[in-house]
Amino acid sequence: MTETWPAPRPTGPVASVVSLPGSKSLTNRALVLAALADGPGAVRRPLRSRDTLLMASALRSLGVGVEDRDDDWLVTPRPMAGDAAVDCGLAGTVMRFVPPVAGLATGRVDFDGDPHMRNRPIGEVLTALAALGIRVEDDGRGALPFTVVGTGTVPGGTVVIDASASSQFVSALLLAGARYDRGVDVRHDGKPVPSLPHIEMTVAMLRERGVEVDDADANRWAVAPGPIAAVDEAVEPDLSNAAPFLALAATTGGTVTVRDWPARTTQPGDALRDVLTRMGCTVEDVTGPDAGLRVTGGDAIAGIDLDMHDIGELTPAVAALCALAESPSHLRGIGHIRGHETDRLAALAAELGALGADVTEHADGLTIRPATLHGGTFHTYADHRMAHAGVIIGSAVEGVLVEDIATTGKTFPDFAAAWSRVVES
């Protein structure tokens, strides 16, 4: 049985300054682009967590040089070879971003991951790769395990996909597309693509490396063939990992400052500014030695009616705050998060409900009404964002035991120690 961790509860308002590890989304995109670049480049201040270590290992298995240099990774592109095995773990970015790269290798590249990863959607990417001229062997499953058989070059061209399950389907094709003979022209046909800021992140990083990207038309992204310039990428702090810490200001009526919050960013976590303001907090940019984003909690937490379609990864933290709010909340537009590390809507409804919350689960969201919560075990389903929800509840409710707090290591090594220091500040 997985161990439980007693979520610490502050004795009063917290007053703390937090430094966060780097963004997983930026780190893994930077690693892929560096592996495909026209020369060596550094990924500076990268996140070093399970997801990013798996990405580095996947690229090494293809022959790319990924070398530790103090706090950075030095990436040296090399001709890629197959006869390799890629462990995706629970990393959607590895499962989706590496197969389009593996098509540029010569030989077979086998992909598999943790048991739950066999349930996460990847079929649209595999079908697209086949249409672009890459041989894929998956016995028709559209899921892990599968094999990509590369020939060293990819014809590329136009492909139509349904990316309504994950924006990563689009980013996966765009990241490698410049190295395809005809580039890649990705057209989405289906319900709206979720998490569009992540596609905007991909496009911005490609353009920073001199790649021509046409995204003038809705639901279409065209990458022209050509070189990918080598750059040194400084990775921003992971703003989604800021959610539980900033939420602590709301649950305790205290103040939390996250250092080095970027003035401009494509990270979806930047939406926390607006979300927390609407839930009764004061949010401000601060300068000086602890420059960053400061959040101060109000007298109570206000409920919120919010379309989270583009910021679905924040749902567990926001839902936890809603369970502690004094008025009802409705979170919508997030049916796609059922395909994340776990079915997050079902998991949140079950775990918040088990602690006394009044939660109604909908096809694409949650309705949460005020209720008196109590202690108990909060299961995480090997999902780091579920653990974030658990510690937020535990900051306001006595006796909350968070199952498998170590799962936060997916994007935040030593999260439990960092959380305890802030709670006890």
# chains A, B, ... in the order shown; residues from 1 in each chain; ligands from 1
call {"tool": "residues_around", "arguments": {"residues": "Thr2 of chain A", "least_positions_apart": "2", "cutoff": "8 Å", "atoms": "only C-alpha atoms", "output": "short mmCIF file (atom, residue, chain, number, x, y, z; two decimals) with C-alpha atoms, in the first residue's frame"}}
result
data_model
loop_
_atom_site.label_atom_id
_atom_site.label_comp_id
_atom_site.auth_asym_id
_atom_site.auth_seq_id
_atom_site.Cartn_x
_atom_site.Cartn_y
_atom_site.Cartn_z
CA THR A 4 0.44 8.62 3.08
CA GLU A 403 -1.20 9.45 -0.68
CA ASP A 404 2.10 9.14 -2.57
#
call {"tool": "select_by_dssp", "arguments": {"residues": "segment 294-421 of chain A", "states": "helix (DSSP H, G or I)", "output": "PyMOL selection string"}}
result
chain A and resi 309-323+335-339+344-354+384-394+405-410+415-421
call {"tool": "atom_distance", "arguments": {"atom1": "atom CA of Ser171 of chain A", "atom2": "atom CA of Leu196 of chain A"}}
result
10.0 Å
call {"tool": "residues_around", "arguments": {"residues": "segment 240-257 of chain A", "least_positions_apart": "3", "cutoff": "7 Å", "atoms": "only C-alpha atoms", "output": "list of chain:residue names"}}
result
A:Gly12, A:Pro13, A:Val14, A:Ala15, A:Ser16, A:Val17, A:Val18, A:Gly269, A:Cys281, A:Gly292, A:Leu293, A:Arg294, A:Val295, A:Thr296, A:Gly297, A:Gly298, A:Asp299, A:Ile301, A:Leu314, A:Ala317, A:His388, A:Ile392, A:Ser395, A:Ala396
call {"tool": "select_by_dssp", "arguments": {"residues": "segment 133-167 of chain A", "states": "strand (DSSP E or B)", "output": "list in words"}}
result
Arg135, Val136, Glu137, Phe146, Thr147, Val148, Val149, Gly150, Thr151, Gly157, Thr158, Val159, Val160 and Ile161 of chain A
call {"tool": "residues_around", "arguments": {"residues": "Asp110 of chain A", "least_positions_apart": "5", "cutoff": "8 Å", "atoms": "only C-alpha atoms", "output": "list in words"}}
result
Asp83, Ala84, Ala85, Val86, Pro145, Phe146, Thr147 and Val148 of chain A
call {"tool": "write_last_selection", "arguments": {"atoms": "C-alpha atoms", "output": "PDB file, in the first residue's frame"}}
result
ATOM      1  CA  ASP A  83      17.693   0.148 -32.570  1.00  0.00           C
ATOM      2  CA  ALA A  84      16.743   2.039 -29.431  1.00  0.00           C
ATOM      3  CA  ALA A  85      14.119   1.832 -26.707  1.00  0.00           C
ATOM      4  CA  VAL A  86      12.386   4.895 -25.257  1.00  0.00           C
ATOM      5  CA  PRO A 145       3.593   0.184 -26.981  1.00  0.00           C
ATOM      6  CA  PHE A 146       4.525   1.038 -30.573  1.00  0.00           C
ATOM      7  CA  THR A 147       7.584   1.221 -32.819  1.00  0.00           C
ATOM      8  CA  VAL A 148       8.747   3.957 -35.163  1.00  0.00           C
TER       9      VAL A 148
END
call {"tool": "atom_distance", "arguments": {"atom1": "atom CA of Arg141 of chain A", "atom2": "atom CA of Ser167 of chain A"}}
result
20.6 Å
call {"tool": "atom_distance", "arguments": {"atom1": "atom CA of Leu36 of chain A", "atom2": "atom CA of Leu90 of chain A"}}
result
23.5 Å
